[in-house]
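Colleague: This is the content of coords.cif (mmCIF, C-alpha atoms):
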data_model
loop_
_atom_site.label_atom_id
_atom_site.label_comp_id
_atom_site.auth_asym_id
_atom_site.auth_seq_id
_atom_site.Cartn_x
_atom_site.Cartn_y
_atom_site.Cartn_z
CA MET F 16 -6.60 -39.23 -2.60
CA LYS F 17 -6.94 -35.77 -1.23
CA THR F 18 -9.87 -35.09 1.04
CA LYS F 19 -11.93 -32.21 -0.35
CA LYS F 20 -12.86 -29.66 2.30
CA ALA F 21 -15.94 -27.48 2.37
CA PRO F 22 -15.19 -23.86 1.40
CA THR F 23 -14.65 -21.63 4.40
CA ILE F 24 -13.27 -18.18 4.96
CA SER F 25 -12.21 -16.42 8.12
CA TYR F 26 -10.58 -13.11 8.86
CA ARG F 27 -8.72 -11.32 11.61
CA ARG F 28 -7.10 -7.92 12.11
CA GLN F 29 -3.56 -7.57 13.33
CA THR F 30 -3.78 -7.79 17.11
CA ALA F 31 -0.39 -6.34 18.03
CA VAL F 32 -0.91 -2.58 17.93
CA TRP F 33 2.79 -1.77 17.99
CA ALA F 34 3.34 -4.16 15.10
CA THR F 35 0.68 -2.43 13.04
CA VAL F 36 2.33 0.89 13.79
CA LEU F 37 5.55 -0.47 12.28
CA LEU F 38 3.79 -1.20 9.02
CA LEU F 39 2.04 2.15 9.20
CA LEU F 40 4.94 4.32 10.17
CA SER F 41 8.30 2.80 9.43
CA MET F 42 8.67 2.68 5.67
CA LEU F 43 9.77 6.19 4.81
CA SER F 44 10.12 9.28 6.99
CA THR F 45 7.00 8.30 8.86
CA SER F 46 8.48 9.13 12.20
CA VAL F 47 9.18 12.81 12.90
CA SER F 48 12.11 13.98 10.81
CA SER F 49 14.35 17.02 11.21
CA CYS F 50 15.51 19.40 8.54
CA SER F 51 18.37 21.87 8.52
CA GLY F 52 19.30 24.52 6.00
CA ASP F 53 22.16 26.86 5.31
CA ASP F 54 22.44 30.30 6.92
CA ASP F 55 20.89 31.76 3.77
CA SER F 56 17.69 29.75 4.24
CA GLN F 57 15.63 32.91 3.73
CA THR F 58 16.88 33.46 0.17
CA THR F 59 14.42 34.68 -2.42
CA GLN F 60 12.05 32.29 -4.12
CA ALA F 61 13.73 32.94 -7.48
CA SER F 62 16.99 31.32 -6.32
CA GLY F 63 15.30 28.67 -4.20
CA ARG F 64 16.04 27.51 -0.73
CA LYS F 65 18.57 24.76 -0.08
CA ILE F 66 17.19 22.16 2.34
CA THR F 67 18.51 18.92 3.76
CA LEU F 68 15.70 16.72 5.05
CA SER F 69 16.89 14.15 7.58
CA ALA F 70 14.43 11.27 7.71
CA THR F 71 14.52 8.89 10.67
CA VAL F 72 12.73 5.54 10.62
CA GLU F 73 11.26 4.03 13.78
CA ALA F 74 13.02 0.70 14.32
CA VAL F 75 10.28 -0.99 16.31
CA VAL F 76 11.66 -4.47 15.71
CA LYS F 77 14.81 -4.18 13.64
CA PRO F 78 15.88 -2.28 10.53
CA ALA F 79 15.96 -3.90 7.12
CA SER F 80 16.50 -2.76 3.55
CA ARG F 81 13.42 -0.76 2.62
CA THR F 82 12.61 -2.75 -0.48
CA SER F 83 13.50 -6.03 1.20
CA TYR F 84 10.11 -6.32 2.83
CA ALA F 85 10.29 -8.97 5.53
CA ASP F 86 7.21 -10.87 6.68
CA ASP F 87 7.64 -11.65 10.38
CA VAL F 88 5.15 -14.51 10.54
CA GLU F 89 5.53 -15.07 14.28
CA ASN F 90 4.63 -11.47 15.14
CA ARG F 91 2.41 -11.01 12.05
CA ILE F 92 4.11 -7.79 10.89
CA LEU F 93 6.04 -6.47 7.91
CA THR F 94 9.39 -4.82 8.61
CA VAL F 95 10.71 -2.26 6.12
CA ASP F 96 13.35 0.45 5.92
CA TRP F 97 15.44 2.55 3.48
CA GLU F 98 17.11 1.38 0.29
CA ALA F 99 20.29 2.90 -1.11
CA GLN F 100 18.64 5.34 -3.56
CA GLU F 101 15.47 7.19 -2.51
CA ALA F 102 13.48 10.16 -3.79
CA ILE F 103 10.55 12.21 -2.58
CA THR F 104 8.48 14.98 -4.19
CA VAL F 105 7.99 18.21 -2.22
CA ILE F 106 4.94 20.28 -3.22
CA SER F 107 3.96 23.79 -2.11
CA ILE F 108 0.25 24.60 -2.09
CA GLY F 109 -1.62 27.88 -1.62
CA GLU F 110 -5.27 28.90 -1.83
CA SER F 111 -5.19 28.84 -5.63
CA GLY F 112 -3.57 25.40 -5.82
CA ILE F 113 -0.05 24.07 -6.36
CA SER F 114 2.59 26.79 -6.52
CA ALA F 115 5.81 24.74 -6.74
CA ILE F 116 7.01 21.16 -7.29
CA ASP F 117 10.50 20.11 -6.18
CA GLU F 118 12.41 16.84 -6.17
CA PHE F 119 14.53 15.74 -3.20
CA THR F 120 16.87 12.75 -3.32
CA SER F 121 18.83 10.63 -0.86
CA THR F 122 21.81 8.33 -1.39
CA GLY F 123 23.28 6.12 1.30
CA GLU F 124 23.76 2.64 2.64
CA ALA F 125 20.82 0.27 2.12
CA GLY F 126 19.18 -0.57 5.42
CA ARG F 127 20.08 2.71 7.10
CA THR F 128 17.61 4.09 9.63
CA VAL F 129 18.31 7.77 8.82
CA ALA F 130 18.24 9.15 5.28
CA GLU F 131 19.11 12.72 4.35
CA PHE F 132 17.12 14.11 1.43
CA THR F 133 18.62 17.13 -0.29
CA GLY F 134 17.07 19.49 -2.79
CA THR F 135 16.07 23.07 -3.54
CA TYR F 136 12.71 24.26 -2.26
CA THR F 137 11.11 26.88 -4.51
CA GLY F 138 7.74 27.30 -2.79
CA LYS F 139 6.17 30.55 -1.61
CA GLU F 140 6.40 31.90 1.92
CA GLY F 141 3.25 30.99 3.85
CA ASP F 142 2.25 28.08 1.62
CA THR F 143 1.47 24.64 3.00
CA VAL F 144 4.31 22.26 2.11
CA ILE F 145 3.63 18.56 1.54
CA CYS F 146 5.56 15.46 0.48
CA LEU F 147 4.47 12.70 -1.91
CA TYR F 148 5.93 9.19 -1.94
CA PRO F 149 6.77 7.49 -4.28
CA ALA F 150 8.39 10.46 -5.97
CA LEU F 151 6.92 11.61 -9.28
CA SER F 152 10.28 10.92 -10.94
CA THR F 153 9.99 7.19 -10.23
CA THR F 154 8.05 4.65 -12.30
CA ALA F 155 5.78 3.89 -9.36
CA GLY F 156 5.12 7.56 -8.60
CA ALA F 157 4.33 8.39 -12.23
CA ALA F 158 1.85 5.51 -12.33
CA ARG F 159 0.15 6.28 -9.02
CA PHE F 160 -0.24 10.09 -9.25
CA SER F 161 -1.73 12.26 -11.98
CA GLY F 162 -2.73 15.89 -12.33
CA VAL F 163 0.32 17.13 -10.41
CA ALA F 164 1.10 20.52 -11.98
CA VAL F 165 1.52 24.12 -10.93
CA GLY F 166 -1.94 25.64 -10.59
CA ALA F 167 -3.71 22.28 -10.05
CA THR F 168 -6.31 22.25 -7.26
CA GLN F 169 -6.31 18.50 -6.74
CA ILE F 170 -4.11 15.43 -7.21
CA GLU F 171 -5.48 12.10 -8.43
CA LEU F 172 -4.42 8.72 -7.07
CA ASN F 173 -4.61 5.84 -9.54
CA TYR F 174 -4.98 2.46 -7.86
CA PRO F 175 -6.29 0.01 -10.47
CA ALA F 176 -7.07 -3.59 -9.60
CA HIS F 177 -3.88 -5.61 -9.85
CA ALA F 178 -2.53 -9.10 -9.47
CA PRO F 179 -2.10 -10.61 -6.01
CA SER F 180 1.54 -11.45 -5.34
CA ARG F 181 3.25 -14.05 -3.19
CA SER F 182 6.11 -11.60 -2.63
CA VAL F 183 5.92 -8.80 -0.06
CA ALA F 184 8.38 -6.85 -2.22
CA SER F 185 5.50 -6.11 -4.61
CA LEU F 186 3.98 -3.77 -2.02
CA LYS F 187 6.59 -1.07 -2.65
CA GLU F 188 4.94 -0.11 -5.96
CA TRP F 189 1.67 0.67 -4.16
CA ASP F 190 2.79 2.11 -0.83
CA VAL F 191 1.57 5.67 -1.34
CA MET F 192 2.25 8.17 1.46
CA VAL F 193 1.51 11.86 2.01
CA GLY F 194 3.02 14.15 4.64
CA THR F 195 2.74 17.77 5.72
CA VAL F 196 6.09 19.51 6.23
CA GLU F 197 6.41 21.93 9.14
CA LEU F 198 8.87 24.70 8.32
CA ASN F 199 10.36 26.71 11.19
CA GLY F 200 13.25 28.87 10.08
CA SER F 201 16.06 26.51 9.11
CA ALA F 202 14.34 23.46 10.65
CA ALA F 203 11.54 21.25 9.30
CA SER F 204 9.73 18.04 10.20
CA VAL F 205 7.40 15.70 8.36
CA ARG F 206 5.16 12.80 9.37
CA LEU F 207 3.89 10.78 6.45
CA LYS F 208 0.44 9.19 6.37
CA ARG F 209 0.14 5.87 4.59
CA GLN F 210 -2.71 5.56 2.06
CA MET F 211 -2.36 1.79 1.67
CA SER F 212 -3.64 -1.10 3.73
CA VAL F 213 -2.80 -4.75 3.05
CA LEU F 214 -4.96 -7.84 2.61
CA LYS F 215 -2.83 -10.89 3.38
CA LEU F 216 -4.86 -13.72 1.87
CA GLY F 217 -4.07 -17.31 2.82
CA VAL F 218 -5.35 -19.87 0.29
CA SER F 219 -5.61 -23.55 1.18
CA GLY F 220 -7.28 -26.56 -0.44
CA THR F 221 -4.89 -26.73 -3.40
CA TYR F 222 -1.92 -29.05 -3.85
CA PRO F 223 0.82 -29.88 -6.37
CA TYR F 224 0.52 -32.58 -9.02
CA ASP F 225 1.34 -36.12 -7.85
CA SER F 226 2.22 -38.33 -10.82
CA SER F 227 1.82 -41.59 -8.90
CA TRP F 228 -1.70 -40.71 -7.76
CA ARG F 229 -2.45 -38.74 -10.95
CA ILE F 230 -4.00 -35.95 -8.91
CA GLY F 231 -3.39 -32.23 -8.61
CA LYS F 232 -5.22 -28.98 -7.92
CA TYR F 233 -3.94 -25.43 -8.31
CA LEU F 234 -5.15 -21.92 -9.06
CA LEU F 235 -4.80 -20.40 -12.52
CA ASN F 236 -6.04 -17.00 -11.38
CA LEU F 237 -7.32 -15.34 -8.25
CA GLY F 238 -9.32 -12.24 -7.36
CA VAL F 239 -11.06 -10.46 -4.51
CA SER F 240 -13.99 -8.06 -4.40
CA ALA F 241 -16.27 -6.51 -1.79
CA SER F 242 -19.79 -5.12 -1.83
CA ASP F 243 -22.68 -4.14 0.38
CA ASN F 244 -25.72 -6.39 0.62
CA ALA F 245 -27.31 -4.52 -2.30
CA GLY F 246 -24.42 -5.47 -4.58
CA SER F 247 -22.66 -2.08 -4.80
CA ALA F 248 -18.86 -2.31 -4.75
CA LYS F 249 -17.18 -0.80 -1.70
CA ALA F 250 -14.02 -0.75 0.46
CA LEU F 251 -11.56 -1.65 -2.36
CA ALA F 252 -11.02 1.55 -4.34
CA SER F 253 -9.35 2.09 -7.71
CA HIS F 254 -9.16 5.89 -7.72
CA GLY F 255 -9.18 8.84 -5.35
CA THR F 256 -8.51 12.57 -5.16
CA MET F 257 -6.84 14.94 -2.70
CA SER F 258 -7.36 18.69 -2.54
CA THR F 259 -4.32 20.89 -3.11
CA ARG F 260 -5.92 24.09 -1.88
CA LYS F 261 -4.41 25.26 1.39
CA SER F 262 -7.75 25.63 3.19
CA THR F 263 -9.08 22.18 2.22
CA PHE F 264 -5.94 20.01 2.17
CA ASP F 265 -6.30 17.15 4.68
CA GLN F 266 -3.35 14.83 3.86
CA THR F 267 -5.69 12.08 2.62
CA PHE F 268 -6.81 10.77 -0.76
CA THR F 269 -10.58 10.31 -0.75
CA PRO F 270 -11.82 7.26 -2.72
CA ASP F 271 -14.34 7.98 -5.48
CA GLN F 272 -14.28 4.78 -7.57
CA TYR F 273 -14.36 1.13 -6.49
CA TYR F 274 -13.63 -1.99 -8.51
CA ALA F 275 -16.22 -4.75 -8.66
CA SER F 276 -13.65 -7.47 -9.25
CA ASN F 277 -9.91 -8.06 -9.03
CA TYR F 278 -9.18 -11.15 -11.11
CA PHE F 279 -5.68 -11.93 -12.36
CA THR F 280 -3.57 -14.75 -13.72
CA LEU F 281 -1.22 -16.38 -11.24
CA SER F 282 2.04 -18.23 -11.75
CA PRO F 283 1.60 -21.85 -12.90
CA GLN F 284 1.37 -25.03 -10.91
CA GLN F 285 2.33 -24.80 -7.27
CA THR F 286 4.96 -27.03 -5.69
CA GLU F 287 3.90 -26.78 -2.03
CA ASP F 288 1.16 -28.72 -0.28
CA VAL F 289 0.60 -25.88 2.22
CA GLU F 290 -1.47 -22.74 2.72
CA ILE F 291 -0.17 -20.13 0.29
CA PHE F 292 -0.26 -16.42 1.16
CA TYR F 293 -0.88 -13.63 -1.34
CA TYR F 294 -0.27 -9.94 -0.56
CA ILE F 295 -2.86 -7.54 -1.96
CA PRO F 296 -2.34 -3.78 -1.38
CA VAL F 297 -5.66 -2.01 -0.83
CA PHE F 298 -6.62 1.65 -1.13
CA GLY F 299 -10.00 2.71 0.15
CA ASN F 300 -10.12 3.71 3.81
CA GLY F 301 -13.43 1.86 4.15
CA THR F 302 -15.04 -0.83 6.25
CA LEU F 303 -17.09 -3.93 5.63
CA ASN F 304 -19.90 -4.07 8.16
CA GLY F 305 -22.55 -6.59 9.12
CA GLY F 306 -24.32 -7.85 6.00
CA ASP F 307 -21.56 -6.74 3.60
CA LEU F 308 -19.83 -9.31 1.40
CA LEU F 309 -16.19 -10.23 0.80
CA ARG F 310 -15.61 -12.53 -2.18
CA VAL F 311 -12.60 -14.57 -3.22
CA SER F 312 -12.80 -15.98 -6.76
CA GLY F 313 -10.49 -18.25 -8.68
CA ARG F 314 -10.19 -20.51 -11.69
CA ILE F 315 -8.97 -23.93 -10.64
CA ASN F 316 -7.16 -26.57 -12.69
CA GLU F 317 -7.74 -30.01 -11.18
CA ARG F 318 -7.00 -33.63 -11.95
CA ASP F 319 -8.37 -36.59 -10.05
CA ASP F 320 -7.03 -39.79 -11.66
CA GLY F 321 -8.26 -38.56 -15.03
CA PRO F 322 -7.76 -35.65 -17.45
CA TRP F 323 -7.19 -32.10 -16.24
CA TYR F 324 -10.32 -29.95 -16.08
CA GLN F 325 -10.89 -26.30 -15.23
CA TYR F 326 -13.71 -24.63 -13.31
CA ASP F 327 -14.44 -21.34 -11.58
CA LYS F 328 -15.13 -21.09 -7.88
CA THR F 329 -16.21 -18.18 -5.67
CA VAL F 330 -16.15 -18.24 -1.90
CA GLU F 331 -18.47 -15.59 -0.50
CA PHE F 332 -18.32 -14.52 3.12
CA THR F 333 -21.03 -12.41 4.72
CA ILE F 334 -19.79 -10.19 7.53
CA PRO F 335 -21.76 -11.12 10.68
CA ASN F 336 -23.94 -8.45 12.23
CA GLY F 337 -22.05 -6.48 14.85
CA GLN F 338 -18.64 -7.19 13.26
CA THR F 339 -16.43 -5.01 11.07
CA ILE F 340 -13.48 -5.52 8.75
CA ASP F 341 -11.53 -2.26 8.81
CA PHE F 342 -9.62 -1.27 5.66
CA SER F 343 -8.65 2.14 7.04
CA TYR F 344 -5.25 3.38 5.92
CA GLY F 345 -2.36 1.26 7.14
CA GLN F 346 -4.35 -1.67 8.52
CA VAL F 347 -3.31 -5.26 7.84
CA ILE F 348 -6.17 -7.69 7.31
CA VAL F 349 -5.33 -11.40 7.41
CA ALA F 350 -7.91 -13.64 5.72
CA HIS F 351 -8.01 -17.39 5.12
CA VAL F 352 -10.00 -19.19 2.43
CA ASN F 353 -10.29 -22.84 1.42
CA MET F 354 -10.62 -23.30 -2.32
#
Please render this file's structure as structure tokens.
Modeller:
Amino acid sequence: MKTKKAPTISYRRQTAVWATVLLLLSMLSTSVSSCSGDDDSQTTQASGRKITLSATVEAVVKPASRTSYADDVENRILTVDWEAQEAITVISIGESGISAIDEFTSTGEAGRTVAEFTGTYTGKEGDTVICLYPALSTTAGAARFSGVAVGATQIELNYPAHAPSRSVASLKEWDVMVGTVELNGSAASVRLKRQMSVLKLGVSGTYPYDSSWRIGKYLLNLGVSASDNAGSAKALASHGTMSTRKSTFDQTFTPDQYYASNYFTLSPQQTEDVEIFYYIPVFGNGTLNGGDLLRVSGRINERDDGPWYQYDKTVEFTIPNGQTIDFSYGQVIVAHVNM
């Protein structure tokens, strides 16, 4: 028979600073990029301005295909890089809001460390120029961003609660980034700021079905939530806004709605008798401080030499006084829970 353990939960932040920087800065053009244009780079706005944006990725460990997210367990980092087809949205903003929206694309070998984005910039002279990733033309970009239109004074970020995944590849749909482009004649550079952090949740205490012992225990669904000690949801946001007025733009989506629960169906019966990790992208730029609560909830299907039966279980962890869990943009939080 399996020995049933008391529910526990622990947490830790990534300790290798350079490793965290890789997750923060290496997915798209998050290192400084260069841009070159033709000799007629000062053409009128009506005809647009041809730009080639060369994006270089910092290879802190080693390059990999951008959508082939690799979990380096030994160093506790995620390595990412470019895929063959990429796109980015370039937006020009003035004091009255968005003045132009342009699409730039890049085609090349998957896994390359430098990607050249080409497109026509139609913004106004003197405007602030920004980049959004994923591009609005992609399924992920269309789902994440709303309100992006000429004349708009803010952009909305949609980040609804969603299913935890055992695959790091799922993060690409949620890895929102914003960057300010610096134009200087025929040259330009951009440094993107990640809006996502990641909760890597290790779940133990479950095990596959054993027909000889007639026992088994696995999760049917799983969710996380966070609140202060008064019960108000915090840290894990579902929606945010960013100003697109030149004087108030700050390259950050500010959370304005938080979800009270994140509870989703998982794949059926597990086959491993090990700790299983789930990757949960988080938007919020918040912290859990002493007295705040982090909850992990699940519905369990269990059999112990008898019929299968289901029950709900919640493991609640109170942050000790003097300690903080930091969900600021780009952080990786590793948590462990025994169900």
Colleague: Which of these, F:Arg159, F:His351, F:Arg229, F:Arg314, has the shortest distance to Gln210 (chain F) once you count all atoms listed in the file?
Modeller: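 Closest candidate: F:Arg159.
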Colleague: Find the residues near region 105-114 of chain F: any atom within 9 Å, counting all atoms listed in the file, skip ones fewer than 6 places away on the same chain, and give them as a VMD selection string.
Modeller: chain F and resid 136 to 139 141 to 147 150 163 to 169 196 258 to 264
Colleague: Which residues are close to Thr269 (chain F), i.e. within 9 Å by all atoms listed in the file, leaving aside same-chain residues fewer than 5 positions away? Reply as a list in words.
Modeller: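 Contacts, in chain order: Leu172, His254, Gly255, Thr256, Met257, Gly299 and Asn300 of chain F.
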Colleague: Take the PyMOL selection byres ((chain F and resi 302) around 8), apply it to the structure above, and return the hits as JSON, numbers by chain.
Modeller: {"F": [250, 300, 301, 303, 304, 339, 340, 341, 342, 343]}
Colleague: Using the chain letters and numbering of this document, enumerate as a PyMOL selection string the residues selected by the PyMOL selection byres ((chain F and resi 281) around 8).
Modeller: chain F and resi 178-179+234-237+279-280+282-283
Colleague: Name the residues that the PyMOL selection byres ((chain F and resi 176) around 12) pulls out of this structure, and write them as an mmCIF file with C-alpha atoms, in the frame of the given file.
Modeller:
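Written out: out_25.cif:
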data_model
loop_
_atom_site.group_PDB
_atom_site.id
_atom_site.type_symbol
_atom_site.label_atom_id
_atom_site.label_comp_id
_atom_site.auth_asym_id
_atom_site.auth_seq_id
_atom_site.Cartn_x
_atom_site.Cartn_y
_atom_site.Cartn_z
ATOM 1 C CA ASN F 173 -4.610 5.840 -9.540
ATOM 2 C CA TYR F 174 -4.980 2.460 -7.860
ATOM 3 C CA PRO F 175 -6.290 0.010 -10.470
ATOM 4 C CA HIS F 177 -3.880 -5.610 -9.850
ATOM 5 C CA ALA F 178 -2.530 -9.100 -9.470
ATOM 6 C CA PRO F 179 -2.100 -10.610 -6.010
ATOM 7 C CA TRP F 189 1.670 0.670 -4.160
ATOM 8 C CA LEU F 237 -7.320 -15.340 -8.250
ATOM 9 C CA GLY F 238 -9.320 -12.240 -7.360
ATOM 10 C CA VAL F 239 -11.060 -10.460 -4.510
ATOM 11 C CA SER F 240 -13.990 -8.060 -4.400
ATOM 12 C CA LEU F 251 -11.560 -1.650 -2.360
ATOM 13 C CA ALA F 252 -11.020 1.550 -4.340
ATOM 14 C CA SER F 253 -9.350 2.090 -7.710
ATOM 15 C CA HIS F 254 -9.160 5.890 -7.720
ATOM 16 C CA GLN F 272 -14.280 4.780 -7.570
ATOM 17 C CA TYR F 273 -14.360 1.130 -6.490
ATOM 18 C CA TYR F 274 -13.630 -1.990 -8.510
ATOM 19 C CA ALA F 275 -16.220 -4.750 -8.660
ATOM 20 C CA SER F 276 -13.650 -7.470 -9.250
ATOM 21 C CA ASN F 277 -9.910 -8.060 -9.030
ATOM 22 C CA TYR F 278 -9.180 -11.150 -11.110
ATOM 23 C CA PHE F 279 -5.680 -11.930 -12.360
ATOM 24 C CA ILE F 295 -2.860 -7.540 -1.960
ATOM 25 C CA PRO F 296 -2.340 -3.780 -1.380
ATOM 26 C CA VAL F 297 -5.660 -2.010 -0.830
ATOM 27 C CA PHE F 298 -6.620 1.650 -1.130
ATOM 28 C CA GLY F 299 -10.000 2.710 0.150
#
Colleague: Could you tell me how far CA of Gly63 (chain F) sits from CA of Ile103 (chain F), in Å to one decimal place?
Modeller: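 Calculated distance between CA of Ile103 (chain F) and CA of Gly63 (chain F) is 17.2 Å.
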Colleague: If I put a ball of radius 6 Å at (-6.7, -9.3, 5.4) in the file's coordinates, which residues poke into it when counting only C-alpha atoms, written as a ChimeraX atom specification?
Modeller: /F:214-216,347-350
Colleague: Hey, can you check how far CA of Ala245 (chain F) sits from CA of Val311 (chain F)?
Modeller: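 That distance, rounded to one decimal, is 17.8 Å.
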Colleague: As a PDB file, keeping the file's coordinate frame, please: region 305-318 of chain F completed to N, CA and C atoms.
Modeller:
ATOM      1  N   GLY F 305     -21.623  -5.482   9.103  1.00  0.00           N
ATOM      2  CA  GLY F 305     -22.550  -6.590   9.120  1.00  0.00           C
ATOM      3  C   GLY F 305     -23.461  -6.592   7.903  1.00  0.00           C
ATOM      4  N   GLY F 306     -23.518  -7.725   7.199  1.00  0.00           N
ATOM      5  CA  GLY F 306     -24.320  -7.850   6.000  1.00  0.00           C
ATOM      6  C   GLY F 306     -23.551  -7.611   4.714  1.00  0.00           C
ATOM      7  N   ASP F 307     -22.386  -6.942   4.779  1.00  0.00           N
ATOM      8  CA  ASP F 307     -21.560  -6.740   3.600  1.00  0.00           C
ATOM      9  C   ASP F 307     -20.884  -8.048   3.198  1.00  0.00           C
ATOM     10  N   LEU F 308     -20.377  -8.081   1.960  1.00  0.00           N
ATOM     11  CA  LEU F 308     -19.830  -9.310   1.400  1.00  0.00           C
ATOM     12  C   LEU F 308     -18.374  -9.144   0.990  1.00  0.00           C
ATOM     13  N   LEU F 309     -17.557 -10.139   1.286  1.00  0.00           N
ATOM     14  CA  LEU F 309     -16.190 -10.230   0.800  1.00  0.00           C
ATOM     15  C   LEU F 309     -16.100 -11.508  -0.023  1.00  0.00           C
ATOM     16  N   ARG F 310     -15.650 -11.376  -1.283  1.00  0.00           N
ATOM     17  CA  ARG F 310     -15.610 -12.530  -2.180  1.00  0.00           C
ATOM     18  C   ARG F 310     -14.179 -12.819  -2.603  1.00  0.00           C
ATOM     19  N   VAL F 311     -13.861 -14.102  -2.664  1.00  0.00           N
ATOM     20  CA  VAL F 311     -12.600 -14.570  -3.220  1.00  0.00           C
ATOM     21  C   VAL F 311     -12.950 -15.515  -4.364  1.00  0.00           C
ATOM     22  N   SER F 312     -12.466 -15.194  -5.566  1.00  0.00           N
ATOM     23  CA  SER F 312     -12.800 -15.980  -6.760  1.00  0.00           C
ATOM     24  C   SER F 312     -11.528 -16.522  -7.382  1.00  0.00           C
ATOM     25  N   GLY F 313     -11.643 -17.676  -8.013  1.00  0.00           N
ATOM     26  CA  GLY F 313     -10.490 -18.250  -8.680  1.00  0.00           C
ATOM     27  C   GLY F 313     -10.894 -19.254  -9.733  1.00  0.00           C
ATOM     28  N   ARG F 314     -10.020 -19.427 -10.713  1.00  0.00           N
ATOM     29  CA  ARG F 314     -10.190 -20.510 -11.690  1.00  0.00           C
ATOM     30  C   ARG F 314      -9.218 -21.608 -11.315  1.00  0.00           C
ATOM     31  N   ILE F 315      -9.738 -22.799 -11.172  1.00  0.00           N
ATOM     32  CA  ILE F 315      -8.970 -23.930 -10.640  1.00  0.00           C
ATOM     33  C   ILE F 315      -8.718 -24.942 -11.754  1.00  0.00           C
ATOM     34  N   ASN F 316      -7.523 -25.467 -11.814  1.00  0.00           N
ATOM     35  CA  ASN F 316      -7.160 -26.570 -12.690  1.00  0.00           C
ATOM     36  C   ASN F 316      -6.967 -27.807 -11.829  1.00  0.00           C
ATOM     37  N   GLU F 317      -7.739 -28.844 -12.084  1.00  0.00           N
ATOM     38  CA  GLU F 317      -7.740 -30.010 -11.180  1.00  0.00           C
ATOM     39  C   GLU F 317      -7.692 -31.306 -11.976  1.00  0.00           C
ATOM     40  N   ARG F 318      -7.054 -32.281 -11.364  1.00  0.00           N
ATOM     41  CA  ARG F 318      -7.000 -33.630 -11.950  1.00  0.00           C
ATOM     42  C   ARG F 318      -7.180 -34.638 -10.828  1.00  0.00           C
TER      43      ARG F 318
END
